[in-house]
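**Student:** Next comes the structure file target-v2.pdb, holding PDB, C-alpha atoms, pLDDT in the B column.
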ATOM      1  CA  MET A   1       0.000   0.000   0.000  1.00 47.00           C
ATOM      2  CA  LYS A   2       2.814   2.351   0.888  1.00 42.00           C
ATOM      3  CA  ASN A   3       4.529   1.497  -2.381  1.00 46.00           C
ATOM      4  CA  VAL A   4       1.366   2.394  -4.297  1.00 42.00           C
ATOM      5  CA  GLU A   5       1.051   5.671  -2.431  1.00 50.00           C
ATOM      6  CA  LEU A   6       4.731   6.423  -3.071  1.00 44.00           C
ATOM      7  CA  ALA A   7       4.393   5.669  -6.782  1.00 46.00           C
ATOM      8  CA  THR A   8       1.301   7.861  -6.943  1.00 49.00           C
ATOM      9  CA  ALA A   9       3.136  10.724  -5.239  1.00 50.00           C
ATOM     10  CA  VAL A  10       6.119  10.334  -7.528  1.00 45.00           C
ATOM     11  CA  GLY A  11       3.801  10.312 -10.495  1.00 52.00           C
ATOM     12  CA  ARG A  12       2.073  13.463  -9.328  1.00 57.00           C
ATOM     13  CA  ASN A  13       5.408  15.205  -8.689  1.00 52.00           C
ATOM     14  CA  THR A  14       6.725  14.100 -12.096  1.00 49.00           C
ATOM     15  CA  GLU A  15       3.602  15.415 -13.801  1.00 53.00           C
ATOM     16  CA  ALA A  16       3.932  18.722 -11.956  1.00 54.00           C
ATOM     17  CA  PHE A  17       7.601  18.923 -12.890  1.00 46.00           C
ATOM     18  CA  LEU A  18       6.892  18.275 -16.556  1.00 44.00           C
ATOM     19  CA  LYS A  19       4.155  20.894 -16.615  1.00 55.00           C
ATOM     20  CA  SER A  20       6.493  23.384 -14.927  1.00 51.00           C
ATOM     21  CA  ALA A  21       9.280  22.532 -17.342  1.00 47.00           C
ATOM     22  CA  GLY A  22       6.908  22.928 -20.224  1.00 50.00           C
ATOM     23  CA  ARG A  23       5.932  26.380 -19.015  1.00 53.00           C
ATOM     24  CA  ILE A  24       9.617  27.344 -18.664  1.00 45.00           C
ATOM     25  CA  VAL A  25      10.439  26.007 -22.106  1.00 43.00           C
ATOM     26  CA  GLY A  26       7.395  27.769 -23.458  1.00 52.00           C
ATOM     27  CA  ARG A  27       8.489  31.022 -21.877  1.00 52.00           C
ATOM     28  CA  GLY A  28      12.002  30.479 -23.260  1.00 51.00           C
ATOM     29  CA  ARG A  29      10.662  29.968 -26.742  1.00 55.00           C
ATOM     30  CA  SER A  30       8.438  32.993 -26.352  1.00 57.00           C
ATOM     31  CA  ARG A  31      11.410  35.062 -25.280  1.00 57.00           C
ATOM     32  CA  VAL A  32      13.467  33.868 -28.241  1.00 50.00           C
ATOM     33  CA  LEU A  33      10.550  34.549 -30.573  1.00 55.00           C
ATOM     34  CA  PHE A  34      10.007  37.984 -29.017  1.00 53.00           C
ATOM     35  CA  CYS A  35      13.717  38.901 -29.340  1.00 51.00           C
ATOM     36  CA  THR A  36      13.746  37.716 -32.945  1.00 56.00           C
ATOM     37  CA  MET A  37      10.654  39.771 -33.792  1.00 55.00           C
ATOM     38  CA  LEU A  38      12.121  42.805 -31.998  1.00 53.00           C
ATOM     39  CA  PHE A  39      15.380  42.489 -33.949  1.00 55.00           C
ATOM     40  CA  VAL A  40      13.517  42.201 -37.261  1.00 49.00           C
ATOM     41  CA  ALA A  41      11.370  45.212 -36.371  1.00 54.00           C
ATOM     42  CA  CYS A  42      14.404  47.339 -35.447  1.00 51.00           C
ATOM     43  CA  LEU A  43      16.530  46.232 -38.399  1.00 50.00           C
ATOM     44  CA  PRO A  44      15.185  48.850 -40.868  1.00 48.00           C
ATOM     45  CA  PHE A  45      15.941  51.628 -38.379  1.00 46.00           C
ATOM     46  CA  PHE A  46      19.424  50.246 -37.806  1.00 45.00           C
ATOM     47  CA  LEU A  47      20.082  50.096 -41.530  1.00 43.00           C
ATOM     48  CA  ALA A  48      18.679  53.576 -42.007  1.00 41.00           C
ATOM     49  CA  GLY A  49      21.009  54.872 -39.314  1.00 43.00           C
ATOM     50  CA  CYS A  50      23.961  53.229 -41.025  1.00 41.00           C
ATOM     51  CA  SER A  51      23.080  54.694 -44.395  1.00 35.00           C
ATOM     52  CA  VAL A  52      23.300  58.229 -43.014  1.00 36.00           C
ATOM     53  CA  SER A  53      26.939  57.782 -42.031  1.00 34.00           C
ATOM     54  CA  TYR A  54      27.811  55.467 -44.909  1.00 39.00           C
ATOM     55  CA  LYS A  55      31.300  55.965 -46.328  1.00 46.00           C
ATOM     56  CA  PHE A  56      32.159  54.818 -49.838  1.00 43.00           C
ATOM     57  CA  ASN A  57      35.696  53.366 -49.582  1.00 51.00           C
ATOM     58  CA  GLY A  58      36.695  55.905 -46.964  1.00 54.00           C
ATOM     59  CA  ALA A  59      35.029  58.965 -48.518  1.00 75.00           C
ATOM     60  CA  SER A  60      32.412  60.886 -46.560  1.00 85.00           C
ATOM     61  CA  ILE A  61      30.422  62.645 -49.282  1.00 93.00           C
ATOM     62  CA  ASP A  62      26.804  63.721 -49.610  1.00 94.00           C
ATOM     63  CA  TYR A  63      26.271  62.629 -53.203  1.00 95.00           C
ATOM     64  CA  SER A  64      22.860  64.301 -53.328  1.00 96.00           C
ATOM     65  CA  LYS A  65      24.688  67.657 -53.232  1.00 96.00           C
ATOM     66  CA  THR A  66      28.249  66.914 -54.348  1.00 97.00           C
ATOM     67  CA  LYS A  67      28.476  65.223 -57.739  1.00 97.00           C
ATOM     68  CA  THR A  68      31.611  66.462 -59.543  1.00 98.00           C
ATOM     69  CA  ILE A  69      35.266  67.176 -58.887  1.00 98.00           C
ATOM     70  CA  GLN A  70      37.816  69.168 -60.858  1.00 98.00           C
ATOM     71  CA  ILE A  71      41.441  68.022 -60.465  1.00 98.00           C
ATOM     72  CA  SER A  72      44.029  70.250 -62.128  1.00 98.00           C
ATOM     73  CA  ASP A  73      47.467  68.944 -63.073  1.00 98.00           C
ATOM     74  CA  PHE A  74      50.144  69.933 -60.544  1.00 98.00           C
ATOM     75  CA  PRO A  75      53.150  71.576 -62.258  1.00 97.00           C
ATOM     76  CA  ILE A  76      56.668  71.176 -60.866  1.00 97.00           C
ATOM     77  CA  ARG A  77      57.953  74.252 -59.046  1.00 96.00           C
ATOM     78  CA  SER A  78      60.879  72.639 -57.197  1.00 96.00           C
ATOM     79  CA  SER A  79      64.479  73.490 -58.003  1.00 93.00           C
ATOM     80  CA  TYR A  80      65.469  69.810 -58.170  1.00 93.00           C
ATOM     81  CA  VAL A  81      63.423  67.856 -60.706  1.00 92.00           C
ATOM     82  CA  TRP A  82      62.923  64.302 -61.897  1.00 95.00           C
ATOM     83  CA  GLY A  83      60.918  64.575 -65.108  1.00 92.00           C
ATOM     84  CA  PRO A  84      58.374  61.707 -64.767  1.00 96.00           C
ATOM     85  CA  MET A  85      57.294  62.540 -61.209  1.00 97.00           C
ATOM     86  CA  ALA A  86      54.654  65.101 -62.257  1.00 97.00           C
ATOM     87  CA  ALA A  87      52.888  62.589 -64.493  1.00 98.00           C
ATOM     88  CA  ILE A  88      53.089  59.862 -61.831  1.00 98.00           C
ATOM     89  CA  PHE A  89      51.627  62.159 -59.179  1.00 98.00           C
ATOM     90  CA  ASN A  90      48.874  63.652 -61.350  1.00 98.00           C
ATOM     91  CA  ASN A  91      47.709  60.260 -62.630  1.00 98.00           C
ATOM     92  CA  GLN A  92      47.677  58.737 -59.146  1.00 98.00           C
ATOM     93  CA  LEU A  93      45.727  61.669 -57.711  1.00 98.00           C
ATOM     94  CA  LYS A  94      43.003  61.387 -60.347  1.00 98.00           C
ATOM     95  CA  ASP A  95      42.888  57.606 -59.949  1.00 98.00           C
ATOM     96  CA  GLN A  96      42.473  58.023 -56.190  1.00 98.00           C
ATOM     97  CA  TYR A  97      39.203  59.908 -56.587  1.00 98.00           C
ATOM     98  CA  ALA A  98      38.053  57.770 -59.511  1.00 97.00           C
ATOM     99  CA  ASN A  99      38.564  54.528 -57.597  1.00 96.00           C
ATOM    100  CA  HIS A 100      37.336  55.607 -54.171  1.00 96.00           C
ATOM    101  CA  THR A 101      34.414  57.948 -54.876  1.00 96.00           C
ATOM    102  CA  ARG A 102      31.444  58.192 -57.220  1.00 96.00           C
ATOM    103  CA  LEU A 103      32.309  61.767 -58.183  1.00 97.00           C
ATOM    104  CA  SER A 104      32.464  62.590 -61.876  1.00 98.00           C
ATOM    105  CA  GLN A 105      35.713  64.298 -62.881  1.00 98.00           C
ATOM    106  CA  VAL A 106      35.186  67.466 -64.913  1.00 98.00           C
ATOM    107  CA  LYS A 107      37.479  70.016 -66.570  1.00 96.00           C
ATOM    108  CA  ARG A 108      35.793  73.066 -65.039  1.00 96.00           C
ATOM    109  CA  ASN A 109      33.095  74.205 -62.589  1.00 96.00           C
ATOM    110  CA  GLY A 110      33.403  71.172 -60.320  1.00 98.00           C
ATOM    111  CA  ASP A 111      31.554  71.001 -57.019  1.00 98.00           C
ATOM    112  CA  LEU A 112      34.986  70.262 -55.558  1.00 98.00           C
ATOM    113  CA  LYS A 113      38.281  71.557 -56.899  1.00 98.00           C
ATOM    114  CA  VAL A 114      41.807  70.304 -56.175  1.00 98.00           C
ATOM    115  CA  GLU A 115      44.802  72.220 -57.546  1.00 98.00           C
ATOM    116  CA  GLY A 116      48.357  73.075 -56.573  1.00 98.00           C
ATOM    117  CA  GLU A 117      52.056  72.601 -57.303  1.00 98.00           C
ATOM    118  CA  ILE A 118      54.912  70.208 -56.571  1.00 98.00           C
ATOM    119  CA  THR A 119      57.071  72.595 -54.550  1.00 98.00           C
ATOM    120  CA  ARG A 120      59.960  70.480 -53.262  1.00 98.00           C
ATOM    121  CA  TYR A 121      61.876  67.378 -54.285  1.00 98.00           C
ATOM    122  CA  GLU A 122      65.102  66.818 -52.369  1.00 97.00           C
ATOM    123  CA  GLN A 123      67.353  64.331 -50.641  1.00 94.00           C
ATOM    124  CA  ARG A 124      69.465  64.440 -47.481  1.00 91.00           C
ATOM    125  CA  ASN A 125      71.626  62.153 -45.388  1.00 88.00           C
ATOM    126  CA  LYS A 126      69.399  60.379 -42.894  1.00 83.00           C
ATOM    127  CA  SER A 127      71.725  58.213 -40.781  1.00 71.00           C
ATOM    128  CA  VAL A 128      75.444  57.713 -40.264  1.00 70.00           C
ATOM    129  CA  SER A 129      77.264  54.393 -39.959  1.00 66.00           C
ATOM    130  CA  SER A 130      79.664  53.500 -37.140  1.00 63.00           C
ATOM    131  CA  GLU A 131      82.525  54.444 -39.452  1.00 67.00           C
ATOM    132  CA  GLY A 132      81.124  57.953 -39.768  1.00 64.00           C
ATOM    133  CA  TYR A 133      79.786  57.570 -43.288  1.00 69.00           C
ATOM    134  CA  SER A 134      76.230  58.190 -44.414  1.00 71.00           C
ATOM    135  CA  ALA A 135      74.320  54.896 -44.295  1.00 83.00           C
ATOM    136  CA  GLN A 136      70.920  56.017 -45.595  1.00 90.00           C
ATOM    137  CA  THR A 137      69.617  58.825 -47.749  1.00 94.00           C
ATOM    138  CA  GLU A 138      66.117  60.251 -47.402  1.00 95.00           C
ATOM    139  CA  LEU A 139      64.232  61.401 -50.473  1.00 97.00           C
ATOM    140  CA  SER A 140      61.268  63.713 -49.885  1.00 98.00           C
ATOM    141  CA  MET A 141      58.554  65.319 -51.966  1.00 98.00           C
ATOM    142  CA  THR A 142      56.251  68.200 -50.995  1.00 98.00           C
ATOM    143  CA  VAL A 143      53.111  69.462 -52.704  1.00 98.00           C
ATOM    144  CA  ASN A 144      51.099  72.590 -52.038  1.00 98.00           C
ATOM    145  CA  VAL A 145      47.347  71.945 -52.319  1.00 98.00           C
ATOM    146  CA  ARG A 146      44.462  74.372 -52.712  1.00 98.00           C
ATOM    147  CA  PHE A 147      41.094  72.760 -52.093  1.00 98.00           C
ATOM    148  CA  THR A 148      37.808  74.485 -52.900  1.00 98.00           C
ATOM    149  CA  ASN A 149      34.430  73.099 -51.877  1.00 98.00           C
ATOM    150  CA  ASN A 150      31.844  75.053 -53.853  1.00 98.00           C
ATOM    151  CA  ILE A 151      29.051  73.400 -51.855  1.00 96.00           C
ATOM    152  CA  ASN A 152      30.501  74.387 -48.481  1.00 95.00           C
ATOM    153  CA  HIS A 153      33.288  76.957 -48.566  1.00 97.00           C
ATOM    154  CA  ASP A 154      33.936  76.465 -44.842  1.00 96.00           C
ATOM    155  CA  GLU A 155      35.914  73.395 -45.895  1.00 95.00           C
ATOM    156  CA  ASP A 156      38.238  75.308 -48.277  1.00 97.00           C
ATOM    157  CA  PHE A 157      41.944  75.193 -47.422  1.00 98.00           C
ATOM    158  CA  GLU A 158      45.479  75.645 -48.714  1.00 98.00           C
ATOM    159  CA  ARG A 159      47.994  73.250 -47.187  1.00 98.00           C
ATOM    160  CA  GLN A 160      51.311  71.526 -47.796  1.00 98.00           C
ATOM    161  CA  PHE A 161      51.727  67.760 -47.728  1.00 98.00           C
ATOM    162  CA  THR A 162      55.056  65.920 -47.547  1.00 98.00           C
ATOM    163  CA  ALA A 163      56.069  62.286 -48.067  1.00 98.00           C
ATOM    164  CA  SER A 164      59.486  60.674 -47.789  1.00 98.00           C
ATOM    165  CA  GLN A 165      61.277  57.411 -48.523  1.00 97.00           C
ATOM    166  CA  SER A 166      64.764  56.190 -47.631  1.00 95.00           C
ATOM    167  CA  TYR A 167      67.315  54.108 -49.474  1.00 95.00           C
ATOM    168  CA  GLU A 168      70.757  52.719 -48.737  1.00 92.00           C
ATOM    169  CA  THR A 169      73.656  54.875 -49.839  1.00 88.00           C
ATOM    170  CA  THR A 170      75.154  51.797 -51.472  1.00 89.00           C
ATOM    171  CA  GLN A 171      72.344  52.157 -54.022  1.00 93.00           C
ATOM    172  CA  SER A 172      72.280  54.823 -56.685  1.00 93.00           C
ATOM    173  CA  LEU A 173      69.311  57.179 -56.788  1.00 94.00           C
ATOM    174  CA  GLN A 174      68.738  56.309 -60.446  1.00 94.00           C
ATOM    175  CA  SER A 175      68.232  52.642 -59.569  1.00 96.00           C
ATOM    176  CA  VAL A 176      65.512  53.296 -56.949  1.00 97.00           C
ATOM    177  CA  GLN A 177      64.064  56.650 -57.967  1.00 97.00           C
ATOM    178  CA  GLU A 178      60.997  55.427 -59.856  1.00 97.00           C
ATOM    179  CA  GLU A 179      59.975  53.046 -57.079  1.00 97.00           C
ATOM    180  CA  LEU A 180      60.474  55.626 -54.330  1.00 98.00           C
ATOM    181  CA  VAL A 181      58.708  58.437 -56.202  1.00 98.00           C
ATOM    182  CA  THR A 182      55.764  56.146 -56.964  1.00 98.00           C
ATOM    183  CA  GLN A 183      55.463  55.269 -53.262  1.00 98.00           C
ATOM    184  CA  MET A 184      55.745  58.919 -52.193  1.00 98.00           C
ATOM    185  CA  CYS A 185      53.068  59.912 -54.699  1.00 98.00           C
ATOM    186  CA  LYS A 186      50.768  57.229 -53.294  1.00 98.00           C
ATOM    187  CA  ASP A 187      51.363  58.527 -49.766  1.00 98.00           C
ATOM    188  CA  LEU A 188      50.712  62.122 -50.853  1.00 98.00           C
ATOM    189  CA  CYS A 189      47.518  61.156 -52.682  1.00 98.00           C
ATOM    190  CA  ASP A 190      46.262  59.324 -49.593  1.00 97.00           C
ATOM    191  CA  GLN A 191      46.943  62.402 -47.456  1.00 98.00           C
ATOM    192  CA  ILE A 192      45.196  64.738 -49.893  1.00 98.00           C
ATOM    193  CA  PHE A 193      42.234  62.401 -50.279  1.00 97.00           C
ATOM    194  CA  ASN A 194      41.800  62.104 -46.512  1.00 96.00           C
ATOM    195  CA  ALA A 195      42.030  65.872 -46.033  1.00 97.00           C
ATOM    196  CA  THR A 196      39.537  66.716 -48.780  1.00 97.00           C
ATOM    197  CA  VAL A 197      36.755  64.122 -48.748  1.00 96.00           C
ATOM    198  CA  ALA A 198      37.391  61.539 -46.027  1.00 90.00           C
ATOM    199  CA  ASN A 199      37.164  64.011 -43.103  1.00 70.00           C
ATOM    200  CA  TRP A 200      39.620  61.950 -41.025  1.00 56.00           C
TER     201      TRP A 200
END
Now, as a test, write the supplied structure out as structure tokens.
**Tutor:**
Amino acid sequence: MKNVELATAVGRNTEAFLKSAGRIVGRGRSRVLFCTMLFVACLPFFLAGCSVSYKFNGASIDYSKTKTIQISDFPIRSSYVWGPMAAIFNNQLKDQYANHTRLSQVKRNGDLKVEGEITRYEQRNKSVSSEGYSAQTELSMTVNVRFTNNINHDEDFERQFTASQSYETTQSLQSVQEELVTQMCKDLCDQIFNATVANW
């Protein structure tokens, strides 16, 4: 008789436990379902918020207002000159905006305008070896940039940008010049791009 009563009690407790567990599981599922529905409901607002601050490959531009850019060729005004560097710089600068923005490049009356000159191209001894001889030479290039934002003239500026590269003195400048100038031009174009349209 006691065994029957014990089995009955265990059965009742088991049934109560299962019902309780079912309610907990049900609440868990409801919570998961509620969180999922809340996430789906908020997703459009999240995406909308992201679209406001969206940057196209690093550029922060309101394309509804700013659609064109005018990039003038930079002439060489430095006393020391390497002939091809103007073409390398000018081509890289135009490619920078072509590849990283949706702005159309125009010859005149651009919403944005970038112009200037290559003002310095020079080298100097950078470090000295233990024997007292120059171990490295630094090559540097400076450009003066005038930026005009015809949509918002508060962002207009005139500024100088400099890039440099070093090479071992055991190498001749002629053997490394093209590589170093190409790298300096890339660095300068990155700086100009960031200052004009990336707002970094």
**Student:** Report the residues retrieved by the PyMOL selection byres ((chain A and resi 85) around 9) from the displayed file, expressed as a list of chain:residue names.
**Tutor:** A:Ile76, A:Val81, A:Trp82, A:Gly83, A:Pro84, A:Ala86, A:Ala87, A:Ile88, A:Phe89, A:Asn90, A:Glu178, A:Val181, A:Thr182, A:Cys185
**Student:** Restrict the selected residues to C-alpha atoms and save them as a PDB file, in the frame of the given file.
**Tutor:**
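The resulting file, again_24.pdb, is shown below:
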ATOM      1  CA  ILE A  76      56.668  71.176 -60.866  1.00 97.00           C
ATOM      2  CA  VAL A  81      63.423  67.856 -60.706  1.00 92.00           C
ATOM      3  CA  TRP A  82      62.923  64.302 -61.897  1.00 95.00           C
ATOM      4  CA  GLY A  83      60.918  64.575 -65.108  1.00 92.00           C
ATOM      5  CA  PRO A  84      58.374  61.707 -64.767  1.00 96.00           C
ATOM      6  CA  ALA A  86      54.654  65.101 -62.257  1.00 97.00           C
ATOM      7  CA  ALA A  87      52.888  62.589 -64.493  1.00 98.00           C
ATOM      8  CA  ILE A  88      53.089  59.862 -61.831  1.00 98.00           C
ATOM      9  CA  PHE A  89      51.627  62.159 -59.179  1.00 98.00           C
ATOM     10  CA  ASN A  90      48.874  63.652 -61.350  1.00 98.00           C
ATOM     11  CA  GLU A 178      60.997  55.427 -59.856  1.00 97.00           C
ATOM     12  CA  VAL A 181      58.708  58.437 -56.202  1.00 98.00           C
ATOM     13  CA  THR A 182      55.764  56.146 -56.964  1.00 98.00           C
ATOM     14  CA  CYS A 185      53.068  59.912 -54.699  1.00 98.00           C
TER      15      CYS A 185
END
**Student:** Would you pick out the contacts of Leu112 (chain A) at 12 Å or less, using all atoms listed in the file, so that residues sharing its chain but fewer than 6 positions from it are not included, and give the list as number ranges by chain?
**Tutor:** A: 61, 63, 65-72, 97, 103-106, 146-153, 155-157, 193, 196-197
**Student:** Separation of CA of Val145 (chain A) and CA of Gln160 (chain A), in Å?
**Tutor:**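 That distance, rounded to one decimal, is 6.0 Å.
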**Student:** Please, what distance in Å, to one decimal, runs between CA of Gln123 (chain A) and CA of Ala163 (chain A)?
**Tutor:** 11.8 Å
**Student:** Edge lengths and centre, in Å to one decimal, as lines of an AutoDock Vina configuration file: that's what I need for the box along x, y and z that holds all listed atoms of region 132-147 of chain A plus 3 Å on each side.
**Tutor:**
center_x = 61.1
center_y = 64.6
center_z = -46.2
size_x = 46.0
size_y = 25.5
size_z = 18.9
**Student:** If I take CA of Glu115 (chain A) and CA of Asn199 (chain A), how far is one from the other in Å, to one decimal?
**Tutor:**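 Value for the CA of Glu115 (chain A)-CA of Asn199 (chain A) distance: 18.3 Å.
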**Student:** Taking the file above as input, evaluate the PyMOL selection byres ((chain A and resi 142) around 10) and report the hits as number ranges by chain.
**Tutor:** A: 78, 117-122, 140-141, 143-145, 160-164, 184-185, 188
**Student:** For Leu93 (chain A), which residue out of A:Ala195, A:Cys189, A:Ala135, A:Val114 is the nearest one, using all atoms listed in the file?
**Tutor:** A:Cys189
**Student:** Out of A:Ser79, A:Lys126, A:Phe74, A:Leu180, which residue has the shortest atom-to-atom distance to Asn91 (chain A) when counting only C-alpha atoms?
**Tutor:**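 Looking at the shortest contact to Asn91 (chain A), the residue is A:Phe74.
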**Student:** When the PyMOL selection byres ((chain A and resi 169) around 12) is applied to the structure above, which residues does it catch, written out as a ChimeraX atom specification?
**Tutor:** /A:123-129,133-139,166-168,170-176
